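Raw contents of start-v7.txt, compact mmCIF, C-alpha atoms:
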# COMPACT_ATOMS: atom_id res chain seq x y z
CA MET A 1 13.48 14.16 34.44
CA SER A 2 14.24 10.71 33.18
CA SER A 3 10.61 9.71 33.34
CA LEU A 4 9.66 12.54 30.99
CA ALA A 5 12.40 11.50 28.58
CA ASP A 6 10.97 8.02 28.63
CA TYR A 7 7.48 9.07 27.69
CA ILE A 8 7.92 12.09 25.41
CA HIS A 9 7.26 10.03 22.29
CA TYR A 10 4.02 8.59 23.59
CA VAL A 11 2.81 11.97 24.86
CA GLY A 12 3.58 13.53 21.47
CA CYS A 13 1.68 10.84 19.57
CA PHE A 14 -1.38 11.08 21.76
CA ALA A 15 -1.35 14.86 21.64
CA LEU A 16 -1.46 14.56 17.85
CA VAL A 17 -4.37 12.09 18.05
CA LEU A 18 -6.29 14.35 20.44
CA ILE A 19 -5.76 17.42 18.25
CA GLY A 20 -7.02 15.48 15.23
CA LEU A 21 -10.03 14.24 17.20
CA TYR A 22 -10.82 17.82 18.27
CA VAL A 23 -10.76 18.98 14.64
CA VAL A 24 -13.07 16.12 13.56
CA LEU A 25 -15.59 16.81 16.34
CA VAL A 26 -15.75 20.59 16.35
CA LYS A 27 -15.03 21.98 12.89
CA SER A 28 -17.79 22.25 10.33
CA ASN A 29 -15.92 22.54 7.03
CA LEU A 30 -15.64 19.13 5.37
CA ILE A 31 -12.06 19.55 4.15
CA LYS A 32 -11.00 20.61 7.66
CA VAL A 33 -12.52 17.38 9.00
CA ILE A 34 -10.54 15.39 6.44
CA ILE A 35 -7.36 17.19 7.55
CA GLY A 36 -8.22 16.07 11.10
CA ILE A 37 -8.53 12.46 9.93
CA SER A 38 -5.07 12.75 8.38
CA LEU A 39 -3.65 14.03 11.68
CA ILE A 40 -5.15 11.08 13.59
CA ASP A 41 -3.61 8.70 11.03
CA THR A 42 -0.13 10.17 11.44
CA GLY A 43 -0.34 10.07 15.24
CA VAL A 44 -1.40 6.44 15.40
CA ASN A 45 1.29 5.34 12.93
CA LEU A 46 3.94 7.12 15.01
CA PHE A 47 2.71 5.38 18.15
CA LEU A 48 2.81 1.93 16.55
CA VAL A 49 6.40 2.28 15.36
CA SER A 50 7.59 3.66 18.69
CA THR A 51 6.38 0.60 20.60
CA GLY A 52 8.96 -1.52 18.82
CA TYR A 53 11.94 0.64 19.69
CA LEU A 54 14.83 -0.74 21.74
CA ARG A 55 17.32 1.47 23.51
CA ALA A 56 20.53 1.56 21.42
CA GLY A 57 18.86 -0.60 18.79
CA THR A 58 19.70 -0.82 15.11
CA ALA A 59 17.53 -0.97 12.01
CA PRO A 60 16.32 -4.47 11.08
CA ILE A 61 18.39 -4.64 7.89
CA PHE A 62 21.40 -6.88 7.54
CA SER A 63 24.35 -5.48 5.70
CA GLU A 64 27.91 -6.59 5.28
CA ALA A 65 29.00 -4.12 7.92
CA ALA A 66 26.36 -4.95 10.55
CA GLU A 67 25.40 -8.58 11.11
CA GLN A 68 24.26 -8.55 14.73
CA PRO A 69 20.69 -9.73 15.06
CA GLY A 70 20.77 -9.30 18.81
CA THR A 71 20.03 -5.58 19.06
CA MET A 72 17.66 -5.09 16.15
CA VAL A 73 14.38 -3.33 16.76
CA ASP A 74 11.09 -5.10 16.21
CA PRO A 75 10.29 -5.37 12.46
CA VAL A 76 6.63 -6.38 12.78
CA PRO A 77 5.19 -2.93 13.72
CA GLN A 78 7.16 -1.40 10.85
CA ALA A 79 5.61 -3.78 8.35
CA LEU A 80 2.11 -3.06 9.69
CA VAL A 81 2.65 0.72 9.61
CA LEU A 82 3.87 0.49 6.00
CA THR A 83 0.49 -0.98 5.09
CA ALA A 84 -1.36 1.56 7.23
CA ILE A 85 0.27 4.57 5.54
CA VAL A 86 -0.79 3.45 2.05
CA ILE A 87 -4.33 2.66 3.22
CA GLY A 88 -4.46 6.11 4.86
CA VAL A 89 -3.70 7.91 1.61
CA SER A 90 -6.24 5.86 -0.34
CA VAL A 91 -9.00 6.63 2.20
CA LEU A 92 -8.08 10.33 2.02
CA ALA A 93 -8.29 10.32 -1.79
CA LEU A 94 -11.75 8.72 -1.74
CA ALA A 95 -12.97 11.14 0.96
CA LEU A 96 -11.76 14.15 -1.03
CA SER A 97 -13.48 12.93 -4.16
CA LEU A 98 -16.74 12.68 -2.21
CA ALA A 99 -16.18 16.21 -0.88
CA ILE A 100 -15.71 17.52 -4.42
CA ARG A 101 -18.97 15.88 -5.53
CA LEU A 102 -20.81 17.29 -2.49
CA TYR A 103 -19.58 20.76 -3.36
CA GLY A 104 -20.78 20.32 -6.92
CA GLU A 105 -24.24 19.21 -5.77
CA TYR A 106 -24.97 21.56 -2.84
CA GLY A 107 -22.70 24.55 -3.48
CA THR A 108 -21.38 24.57 0.07
CA LEU A 109 -19.07 22.46 2.21
CA ASP A 110 -20.51 23.53 5.56
CA LEU A 111 -21.75 20.42 7.35
CA ARG A 112 -24.43 22.29 9.31
CA LYS A 113 -26.02 23.57 6.09
CA ILE A 114 -25.81 20.24 4.32
CA LYS A 115 -27.59 18.56 7.22
CA GLU A 116 -30.42 21.08 6.91
CA LEU A 117 -30.72 20.49 3.17
CA LYS A 118 -31.61 16.86 3.78
CA TRP A 119 -35.09 17.01 2.33
CA MET B 120 19.77 12.74 20.65
CA THR B 121 16.79 12.78 22.98
CA ILE B 122 16.84 16.59 23.13
CA PHE B 123 16.70 16.71 19.34
CA GLN B 124 13.82 14.26 19.22
CA ALA B 125 11.94 16.22 21.87
CA LEU B 126 12.43 19.37 19.78
CA LEU B 127 11.06 17.60 16.70
CA ILE B 128 8.02 16.42 18.62
CA LEU B 129 7.39 19.97 19.88
CA VAL B 130 7.58 21.38 16.34
CA MET B 131 5.20 18.64 15.16
CA ILE B 132 2.61 19.49 17.83
CA ALA B 133 2.94 23.22 17.11
CA ALA B 134 2.31 22.58 13.40
CA ALA B 135 -0.73 20.43 14.26
CA VAL B 136 -2.18 23.19 16.47
CA PHE B 137 -1.65 25.68 13.63
CA ALA B 138 -3.39 23.34 11.19
CA ALA B 139 -6.34 23.05 13.56
CA ARG B 140 -6.75 26.77 14.11
CA SER B 141 -6.05 28.26 10.69
CA ARG B 142 -9.01 29.62 8.72
CA ASP B 143 -7.25 29.47 5.36
CA LEU B 144 -7.36 25.86 4.17
CA MET B 145 -4.21 26.14 2.09
CA ASN B 146 -2.20 27.10 5.20
CA ALA B 147 -3.73 24.19 7.10
CA VAL B 148 -2.68 21.74 4.37
CA ILE B 149 0.90 23.02 4.36
CA ALA B 150 1.00 22.63 8.17
CA CYS B 151 -0.23 19.07 7.72
CA ALA B 152 2.70 18.45 5.35
CA MET B 153 5.00 19.83 8.05
CA VAL B 154 3.56 17.32 10.55
CA SER B 155 4.24 14.48 8.07
CA LEU B 156 7.79 15.69 7.51
CA MET B 157 8.56 15.80 11.24
CA ALA B 158 7.01 12.35 11.65
CA SER B 159 9.24 11.06 8.85
CA ILE B 160 12.38 12.35 10.59
CA ILE B 161 11.25 10.83 13.91
CA PHE B 162 10.69 7.52 12.13
CA TYR B 163 14.31 7.64 11.01
CA PHE B 164 15.49 8.22 14.59
CA LEU B 165 13.37 5.29 15.74
CA GLN B 166 15.48 3.07 13.43
CA ALA B 167 12.74 2.54 10.83
CA PRO B 168 14.14 3.66 7.43
CA ASP B 169 11.47 1.90 5.32
CA VAL B 170 8.66 3.63 7.15
CA ALA B 171 10.49 6.98 6.98
CA MET B 172 10.77 6.66 3.19
CA ALA B 173 7.11 5.71 2.81
CA GLU B 174 5.89 8.53 5.06
CA ALA B 175 8.04 11.14 3.30
CA ALA B 176 6.96 10.09 -0.20
CA ILE B 177 3.30 9.42 0.51
CA GLY B 178 2.46 11.61 3.50
CA ALA B 179 4.42 14.74 2.75
CA GLY B 180 4.23 14.51 -1.02
CA LEU B 181 1.16 12.88 -2.46
CA THR B 182 -1.31 13.68 0.34
CA THR B 183 -0.48 17.39 0.11
CA ALA B 184 -0.87 17.28 -3.68
CA ILE B 185 -4.32 15.67 -3.61
CA PHE B 186 -5.46 18.08 -0.90
CA ILE B 187 -4.36 21.04 -3.01
CA PHE B 188 -6.16 19.69 -6.08
CA ALA B 189 -9.32 19.25 -4.01
CA ILE B 190 -9.09 22.76 -2.50
CA ASN B 191 -8.61 24.14 -6.00
CA ARG B 192 -11.96 22.69 -7.03
CA THR B 193 -13.86 23.76 -3.90
CA VAL B 194 -13.55 26.54 -1.32
CA ARG B 195 -10.35 28.19 -0.22
CA HIS B 196 -11.37 29.67 3.14
CA GLU B 197 -13.25 27.90 5.87
CA ASP B 198 -16.24 30.26 5.81
CA ASP B 199 -16.60 30.60 2.04
CA GLU B 200 -19.58 29.48 0.04
CA LYS B 201 -19.37 29.28 -3.73
CA ALA B 202 -16.64 31.87 -3.64
CA ASP B 203 -15.07 30.85 -6.93
CA MET C 204 -22.85 23.39 23.41
CA ARG C 205 -21.22 21.18 20.80
CA LYS C 206 -17.77 22.45 21.80
CA LEU C 207 -18.42 21.68 25.46
CA ILE C 208 -19.50 18.11 24.74
CA SER C 209 -16.53 17.63 22.41
CA LEU C 210 -14.11 18.83 25.08
CA MET C 211 -15.64 16.43 27.61
CA VAL C 212 -15.32 13.57 25.11
CA LEU C 213 -11.68 14.51 24.53
CA LEU C 214 -10.96 14.56 28.26
CA ALA C 215 -12.58 11.14 28.65
CA VAL C 216 -10.52 9.72 25.77
CA ALA C 217 -7.31 11.21 27.17
CA ALA C 218 -8.01 9.81 30.64
CA GLY C 219 -8.80 6.40 29.17
CA ILE C 220 -5.58 6.34 27.16
CA GLY C 221 -3.56 7.45 30.17
CA LEU C 222 -5.06 4.79 32.41
CA ALA C 223 -4.64 1.99 29.90
CA LEU C 224 -1.11 2.74 28.82
CA HIS C 225 0.67 4.44 31.69
CA ARG C 226 2.84 1.43 32.35
CA THR C 227 3.97 0.80 28.76
CA PRO C 228 7.75 0.99 28.66
CA PHE C 229 9.51 2.88 25.94
CA GLY C 230 12.85 1.67 24.66
CA ALA C 231 13.34 -1.54 26.57
CA GLU C 232 16.91 -2.56 27.27
CA ARG C 233 16.65 -5.68 25.19
CA ALA C 234 13.86 -7.55 23.48
CA LYS C 235 11.70 -9.84 25.54
CA THR C 236 12.81 -13.41 25.26
CA GLY C 237 10.81 -15.93 23.32
CA ALA C 238 8.69 -18.80 24.60
CA GLY C 239 11.20 -20.43 26.91
CA SER C 240 8.99 -21.40 29.80
CA PRO C 241 5.20 -21.60 29.97
CA GLY C 242 3.79 -18.22 30.87
CA GLU C 243 6.20 -16.23 28.73
CA THR C 244 4.77 -14.72 25.60
CA VAL C 245 6.06 -15.58 22.15
CA ASN C 246 7.97 -12.73 20.57
CA PHE C 247 7.57 -12.88 16.81
CA GLY C 248 9.89 -9.98 16.09
CA ARG C 249 12.80 -11.71 17.73
CA TYR C 250 12.07 -14.92 15.80
CA TYR C 251 11.84 -13.10 12.46
CA VAL C 252 15.07 -11.21 13.04
CA HIS C 253 17.02 -14.33 13.91
CA GLU C 254 15.58 -16.75 11.35
CA GLY C 255 14.55 -14.37 8.57
CA VAL C 256 17.63 -14.48 6.40
CA GLU C 257 17.79 -18.27 6.32
CA GLU C 258 14.12 -18.88 5.70
CA THR C 259 13.34 -16.19 3.12
CA GLY C 260 16.75 -15.12 1.85
CA ALA C 261 16.06 -11.37 2.06
CA THR C 262 18.44 -9.26 4.10
CA ASN C 263 15.84 -6.54 4.64
CA ILE C 264 13.84 -8.12 7.44
CA VAL C 265 10.89 -5.74 6.98
CA SER C 266 10.57 -6.96 3.38
CA SER C 267 10.65 -10.56 4.49
CA VAL C 268 7.89 -9.81 7.01
CA VAL C 269 5.77 -7.86 4.50
CA LEU C 270 6.00 -10.41 1.68
CA GLY C 271 7.28 -13.60 3.26
CA TYR C 272 5.68 -14.12 6.62
CA ARG C 273 2.65 -11.81 6.26
CA GLY C 274 2.16 -11.79 2.50
CA PHE C 275 -1.60 -12.17 2.63
CA ASP C 276 -1.98 -8.86 4.48
CA THR C 277 -0.11 -7.15 1.64
CA LEU C 278 -2.53 -8.67 -0.85
CA GLY C 279 -5.40 -7.24 1.20
CA GLU C 280 -3.77 -3.83 1.23
CA VAL C 281 -3.28 -3.84 -2.54
CA THR C 282 -6.98 -4.68 -2.82
CA VAL C 283 -7.96 -1.73 -0.61
CA LEU C 284 -5.87 0.62 -2.76
CA PHE C 285 -7.54 -0.76 -5.88
CA ILE C 286 -11.03 -0.29 -4.42
CA ALA C 287 -10.22 3.31 -3.46
CA ALA C 288 -8.89 4.13 -6.94
CA THR C 289 -11.94 2.57 -8.59
CA GLY C 290 -14.28 4.40 -6.22
CA LEU C 291 -12.61 7.71 -6.96
CA ALA C 292 -12.85 7.11 -10.70
CA ALA C 293 -16.55 6.24 -10.34
CA VAL C 294 -17.39 9.29 -8.21
CA LEU C 295 -15.50 11.90 -10.21
CA ARG C 296 -16.94 11.42 -13.64
CA VAL C 297 -15.34 13.64 -16.25
CA LYS C 298 -17.79 16.24 -17.42
CA ALA C 299 -18.33 16.63 -21.15
CA THR C 300 -17.23 20.27 -21.16
CA SER C 301 -13.76 19.82 -19.69
CA ARG C 302 -11.25 22.46 -20.57
CA ASP C 303 -8.80 21.90 -23.33
CA PRO C 304 -5.46 21.25 -21.60
CA ARG C 305 -3.67 23.47 -24.08
CA ASP C 306 -5.51 26.49 -22.68
CA ALA C 307 -3.62 26.23 -19.43
CA GLU C 308 -1.13 28.95 -18.62
CA PRO C 309 2.32 27.53 -19.34
CA ALA C 310 4.96 27.39 -16.66
CA SER C 311 8.13 29.41 -16.98
CA LEU C 312 11.05 28.15 -19.03
CA VAL C 313 13.22 27.14 -16.07
CA VAL C 314 10.46 25.07 -14.46
CA PHE C 315 9.49 23.47 -17.77
CA THR C 316 13.04 22.43 -18.65
CA GLY C 317 13.77 21.24 -15.11
CA CYS C 318 10.69 19.05 -15.02
CA ARG C 319 11.44 17.52 -18.39
CA PHE C 320 14.97 16.79 -17.22
CA LEU C 321 13.94 15.32 -13.86
CA PHE C 322 11.11 13.08 -15.07
CA PRO C 323 13.20 10.15 -16.42
CA LEU C 324 15.60 10.44 -13.47
CA LEU C 325 12.74 10.11 -11.02
CA LEU C 326 11.37 7.07 -12.87
CA LEU C 327 14.83 5.50 -12.74
CA PHE C 328 15.16 6.19 -9.02
CA GLY C 329 11.73 4.74 -8.28
CA THR C 330 12.57 1.60 -10.23
CA TYR C 331 15.87 1.29 -8.35
CA VAL C 332 14.06 1.56 -5.02
CA PHE C 333 11.61 -1.23 -5.70
CA VAL C 334 14.02 -3.56 -7.50
CA HIS C 335 16.39 -3.47 -4.51
CA GLY C 336 13.61 -3.81 -1.98
CA HIS C 337 14.91 -7.02 -0.48
CA LEU C 338 18.48 -5.78 0.03
CA ALA C 339 18.25 -2.16 1.17
CA PRO C 340 15.61 0.06 2.75
CA GLY C 341 12.84 0.46 0.25
CA GLY C 342 10.37 -1.74 -1.50
CA GLY C 343 7.33 -1.69 -3.70
CA PHE C 344 5.30 0.98 -1.92
CA GLN C 345 8.11 3.48 -1.62
CA GLY C 346 9.19 2.99 -5.25
CA GLY C 347 5.61 3.28 -6.44
CA ALA C 348 5.16 6.53 -4.51
CA VAL C 349 8.31 7.97 -6.11
CA ILE C 350 7.00 7.05 -9.58
CA ALA C 351 3.67 8.72 -8.78
CA SER C 352 5.61 11.83 -7.69
CA ALA C 353 7.24 11.84 -11.13
CA PHE C 354 3.77 11.92 -12.73
CA LEU C 355 2.77 14.74 -10.40
CA LEU C 356 5.83 16.68 -11.51
CA VAL C 357 4.66 16.43 -15.12
CA TYR C 358 1.29 17.88 -14.12
CA LEU C 359 2.83 20.76 -12.23
CA GLY C 360 5.71 21.71 -14.45
CA CYS C 361 4.81 20.82 -18.01
CA ARG C 362 1.24 22.05 -18.24
CA GLY C 363 -0.66 20.84 -21.23
CA ARG C 364 0.80 17.34 -21.19
CA THR C 365 -1.50 14.64 -19.94
CA LEU C 366 -0.78 11.02 -19.16
CA ASN C 367 -1.80 8.11 -21.29
CA GLU C 368 -4.75 6.84 -19.27
CA THR C 369 -5.09 3.56 -21.12
CA GLY C 370 -1.45 2.72 -20.48
CA LEU C 371 -1.87 3.39 -16.78
CA ARG C 372 -4.96 1.19 -16.52
CA VAL C 373 -3.29 -1.67 -18.42
CA ALA C 374 -0.15 -1.49 -16.24
CA GLU C 375 -2.19 -1.45 -13.05
CA SER C 376 -4.36 -4.44 -14.01
CA LEU C 377 -1.48 -6.53 -15.29
CA SER C 378 0.59 -5.95 -12.14
CA GLY C 379 -2.28 -6.97 -9.90
CA LEU C 380 -2.76 -10.12 -11.96
CA VAL C 381 0.96 -10.94 -11.65
CA PHE C 382 0.75 -10.75 -7.85
CA VAL C 383 -2.24 -13.07 -7.64
CA ALA C 384 -0.77 -15.40 -10.29
CA VAL C 385 2.46 -15.80 -8.31
CA GLY C 386 0.40 -16.72 -5.27
CA LEU C 387 -1.63 -19.26 -7.24
CA VAL C 388 1.52 -20.85 -8.67
CA GLY C 389 2.75 -21.21 -5.09
CA LEU C 390 -0.56 -22.90 -4.25
CA ALA C 391 -0.21 -25.31 -7.17
CA VAL C 392 3.40 -26.17 -6.45
CA GLY C 393 3.58 -26.40 -2.69
CA GLY C 394 0.07 -26.34 -1.29
CA ALA C 395 0.16 -22.88 0.31
CA PHE C 396 -0.93 -19.58 -1.25
CA LEU C 397 2.07 -17.25 -1.78
CA LEU C 398 4.53 -20.00 -0.94
CA ASN C 399 8.13 -19.13 -1.69
CA PHE C 400 8.78 -21.67 -4.43
CA LEU C 401 11.84 -20.16 -6.10
CA PRO C 402 15.29 -20.88 -4.60
CA THR C 403 16.32 -18.43 -1.92
CA GLY C 404 19.82 -18.01 -3.29
CA SER C 405 22.68 -16.42 -1.40
CA PRO C 406 22.14 -13.28 0.68
CA TYR C 407 23.14 -9.84 -0.64
CA ALA C 408 22.76 -10.99 -4.27
CA LEU C 409 20.24 -9.26 -6.52
CA PHE C 410 18.60 -12.49 -7.66
CA SER C 411 17.85 -13.97 -4.28
CA ALA C 412 14.97 -14.26 -1.84
CA GLY C 413 12.66 -16.33 -4.03
CA ILE C 414 9.48 -14.59 -5.14
CA ILE C 415 10.07 -11.38 -3.15
CA PRO C 416 11.74 -9.34 -5.94
CA ILE C 417 9.13 -10.42 -8.50
CA VAL C 418 6.22 -9.46 -6.25
CA TYR C 419 7.91 -6.19 -5.32
CA VAL C 420 8.24 -5.26 -9.00
CA ALA C 421 4.55 -6.00 -9.48
CA ILE C 422 3.57 -4.00 -6.38
CA GLY C 423 5.81 -1.07 -7.36
CA LEU C 424 4.29 -0.80 -10.83
CA LYS C 425 0.76 -1.22 -9.47
CA VAL C 426 1.06 1.41 -6.73
CA GLY C 427 2.84 3.84 -9.07
CA SER C 428 0.28 3.60 -11.83
CA GLU C 429 -2.64 3.64 -9.37
CA LEU C 430 -1.53 6.76 -7.53
CA GLY C 431 -0.71 8.32 -10.92
CA ALA C 432 -4.25 7.60 -12.10
CA ILE C 433 -5.63 9.19 -8.89
CA ILE C 434 -3.54 12.34 -9.49
CA ASP C 435 -4.64 12.41 -13.12
CA ARG C 436 -8.34 12.16 -12.24
CA LEU C 437 -8.11 14.84 -9.53
CA ALA C 438 -6.13 17.27 -11.68
CA GLU C 439 -8.57 17.24 -14.57
CA GLY C 440 -10.80 20.24 -14.45
CA ALA C 441 -8.60 22.02 -11.92
CA ARG C 442 -8.15 25.68 -12.60
Go ahead and render the structure in this file as structure tokens.
Amino acid sequence: MSSLADYIHYVGCFALVLIGLYVVLVKSNLIKVIIGISLIDTGVNLFLVSTGYLRAGTAPIFSEAAEQPGTMVDPVPQALVLTAIVIGVSVLALALSLAIRLYGEYGTLDLRKIKELKW
Amino acid sequence: MTIFQALLILVMIAAAVFAARSRDLMNAVIACAMVSLMASIIFYFLQAPDVAMAEAAIGAGLTTAIFIFAINRTVRHEDDEKAD
Amino acid sequence: MRKLISLMVLLAVAAGIGLALHRTPFGAERAKTGAGSPGETVNFGRYYVHEGVEETGATNIVSSVVLGYRGFDTLGEVTVLFIAATGLAAVLRVKATSRDPRDAEPASLVVFTGCRFLFPLLLLFGTYVFVHGHLAPGGGFQGGAVIASAFLLVYLGCRGRTLNETGLRVAESLSGLVFVAVGLVGLAVGGAFLLNFLPTGSPYALFSAGIIPIVYVAIGLKVGSELGAIIDRLAEGAR
């Protein structure tokens, strides 16, 4: 099953994204929705780093023991994912602060009830 | 090593399914930390040590902590209302 | 009804992803070659790996990409983190009747002593990670996250001790200013924002790679104090 071994990383990442998307669409507790957003973040970051992988590649760091630039993996997706992880945690912190304020104002975190309390 | 990576990916998906289906929010947050930890180990096997360090420190450490502080100030179970 | 529509949306998304990406290879044998003949795409990763050490002086190629070749994106990311921390501080206003921190139930003696012992060691490790960001795996964001974990340890283990909020705000603002100031000095000296105007030095030395260590120190302090301020604001009023 060499074709499955080739694609197991991609299938795993997209399974994570789909599970996160399911949680965001179906669940009605606000903190559960934010957990779903965190799952989507992790899945997409994993996918981005795995596109730069080379078979039998080495990390893109020169050291006195390893000075072969020929087989290094792609460093550009790693730099972008570094940024994306920090932005993910800052978005999560802001979303949780809004959830705490919503709970203080309405007394519930159920999205169906908050939608009915609109007026 | 591919067998080991496939095992890690399976554990990660199982933890994500548990996080999606659990009614207790604290259990869901711990499962989310497990997903981040497995992702950090897979990052190391994909020859990305910087990203592995960042994901372990930020994803598995600080994200779990801010989730737990937020759950402490709001509901604990998914169907609770003003339980505390 | 809502579940049915959500499942159909998920199936459509999965089918779309499968169709769009079913030919993406995983783990190519070797990197695609650069722009040799017209029609071949340029491969930036290969260029950065081969020319990175000479042009920027950093032996950690990811650091030279993050701060050398794509430094402006890092400035944008630091701005997003700052906006999120400010937004959180504006939304969670401290109520006037917050509990006295000395009322909190103290942790046990083993946890208390362990946390007091580990706190300076964690700060030292975080500083080591971001000072050596251009030589070894690490950098400003990882070191800053380790420093924020040290602050979190103080909140969990030594209850009743709070952080000096003014010190955190001053450290965060000054570090952000240092980052922008280094960029502006590059603009004044060479004509490009965030230009590498210091000498690149010899590889593997601590004082090499131009402005990269200076900016990493600024980023490490900024991220550490910012995440520490977020933890501090969220932990206030927690039971």
| Which residue, C:Gly404, C:Gly221, C:Gly248, C:Gly427, has the smallest gap to chain A when you use all atoms listed in the file? | C:Gly248
| query | Taking all atoms listed in the file into account, what are the residues of chain C at most 8 Å from chain A, put as a PyMOL selection string? | reply | chain C and resi 205-206+209-210+213+217+228-234+247-249+251-253+262-266+268-269+277+280+283-284+287-288+290-291+294-295+338-340+344+407+433+437
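For the residues B:Leu126, B:Ala139, B:Met157, B:Ile149, ranking by smallest atom-to-atom distance to chain A using only C-alpha atoms places B:Ala139 first.
Coordinates place atom CA of B:Ala173 at a distance of 24.8 Å from atom CA of B:Leu144.
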Using all atoms listed in the file, what does the table of chain B residues within 7 Å of chain C look like, with each row giving the shortest atom pair and its distance in Å to one decimal, sorted by chain and ascending number, as JSON lines?
{"residue": "B:Pro168", "atom": "CA", "partner": "C:Pro340", "partner_atom": "CA", "distance": 6.1}
{"residue": "B:Asp169", "atom": "CA", "partner": "C:Pro340", "partner_atom": "CA", "distance": 5.2}
{"residue": "B:Met172", "atom": "CA", "partner": "C:Gln345", "partner_atom": "CA", "distance": 6.4}
{"residue": "B:Ala173", "atom": "CA", "partner": "C:Gln345", "partner_atom": "CA", "distance": 5.1}
{"residue": "B:Ala176", "atom": "CA", "partner": "C:Ala348", "partner_atom": "CA", "distance": 5.9}
{"residue": "B:Ile177", "atom": "CA", "partner": "C:Ala348", "partner_atom": "CA", "distance": 6.1}
{"residue": "B:Leu181", "atom": "CA", "partner": "C:Ser352", "partner_atom": "CA", "distance": 6.9}
{"residue": "B:Ile185", "atom": "CA", "partner": "C:Ile434", "partner_atom": "CA", "distance": 6.8}
{"residue": "B:Phe188", "atom": "CA", "partner": "C:Ala438", "partner_atom": "CA", "distance": 6.1}
{"residue": "B:Asn191", "atom": "CA", "partner": "C:Ala441", "partner_atom": "CA", "distance": 6.3}
{"residue": "B:Arg192", "atom": "CA", "partner": "C:Ala441", "partner_atom": "CA", "distance": 6.0}
| query | Quick one: of B:Phe137, B:Leu156, B:Leu127, B:Glu197, who's nearest to chain A, counting all atoms listed in the file? | reply |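 Checking each of B:Phe137, B:Leu156, B:Leu127, B:Glu197 against chain A, counting all atoms listed in the file, the winner is B:Glu197.
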Please produce, as a tab-separated table, a per-residue contact table for chain B versus chain A (criterion: any atom at most 9 Å away, all atoms listed in the file considered), showing the nearest atom pair and its distance in Å to one decimal, sorted by chain then residue number.
residue	atom	partner	partner_atom	distance
B:Thr121	CA	A:Ala5	CA	7.2
B:Ile122	CA	A:Ala5	CA	8.7
B:Gln124	CA	A:His9	CA	8.4
B:Ala125	CA	A:Ile8	CA	6.8
B:Ile128	CA	A:Gly12	CA	6.0
B:Leu129	CA	A:Gly12	CA	7.6
B:Met131	CA	A:Leu16	CA	8.3
B:Ile132	CA	A:Leu16	CA	6.4
B:Ala135	CA	A:Leu16	CA	6.9
B:Val136	CA	A:Ile19	CA	7.0
B:Ala138	CA	A:Ile35	CA	8.2
B:Ala139	CA	A:Val23	CA	6.1
B:Arg140	CA	A:Val23	CA	8.8
B:Leu144	CA	A:Lys32	CA	7.3
B:Ala147	CA	A:Ile35	CA	7.9
B:Val148	CA	A:Ile35	CA	7.3
B:Cys151	CA	A:Leu39	CA	7.3
B:Val154	CA	A:Leu39	CA	8.0
B:Ser155	CA	A:Thr42	CA	7.0
B:Ala158	CA	A:Leu46	CA	6.9
B:Ile161	CA	A:Leu46	CA	8.3
B:Phe162	CA	A:Leu46	CA	7.3
B:Leu165	CA	A:Tyr53	CA	6.3
B:Gln166	CA	A:Ala59	CA	4.7
B:Ala167	CA	A:Ala59	CA	6.1
B:Pro168	CA	A:Ala59	CA	7.3
B:Asp169	CA	A:Gln78	CA	7.7
B:Val170	CA	A:Leu82	CA	5.8
B:Ala173	CA	A:Leu82	CA	6.9
B:Glu174	CA	A:Ile85	CA	6.9
B:Ile177	CA	A:Val89	CA	7.2
B:Gly178	CA	A:Val89	CA	7.4
B:Leu181	CA	A:Val89	CA	8.1
B:Thr182	CA	A:Val89	CA	6.4
B:Ile185	CA	A:Ala93	CA	6.9
B:Phe186	CA	A:Leu96	CA	7.4
B:Ala189	CA	A:Leu96	CA	6.4
B:Ile190	CA	A:Ile31	CA	8.0
B:Arg192	CA	A:Ile100	CA	6.9
B:Thr193	CA	A:Tyr103	CA	6.5
B:Val194	CA	A:Leu109	CA	7.7
B:Glu197	CA	A:Asn29	CA	6.1
B:Asp198	CA	A:Asn29	CA	7.8
B:Asp199	CA	A:Thr108	CA	7.9
B:Glu200	CA	A:Thr108	CA	5.2
B:Lys201	CA	A:Gly107	CA	5.8
| query | Distance atom CA of C:Leu401-atom CA of C:Gly413, one decimal place? | reply | 4.4 Å
| request: Do a neighbour search on C:Thr369 at 10 Å with only C-alpha atoms, toss out local chain neighbours closer than 5 positions, and write the hits as a PyMOL selection string. | output: chain C and resi 374-375+432
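Atom CA of C:Leu366 lies 27.3 Å from atom CA of B:Arg195.
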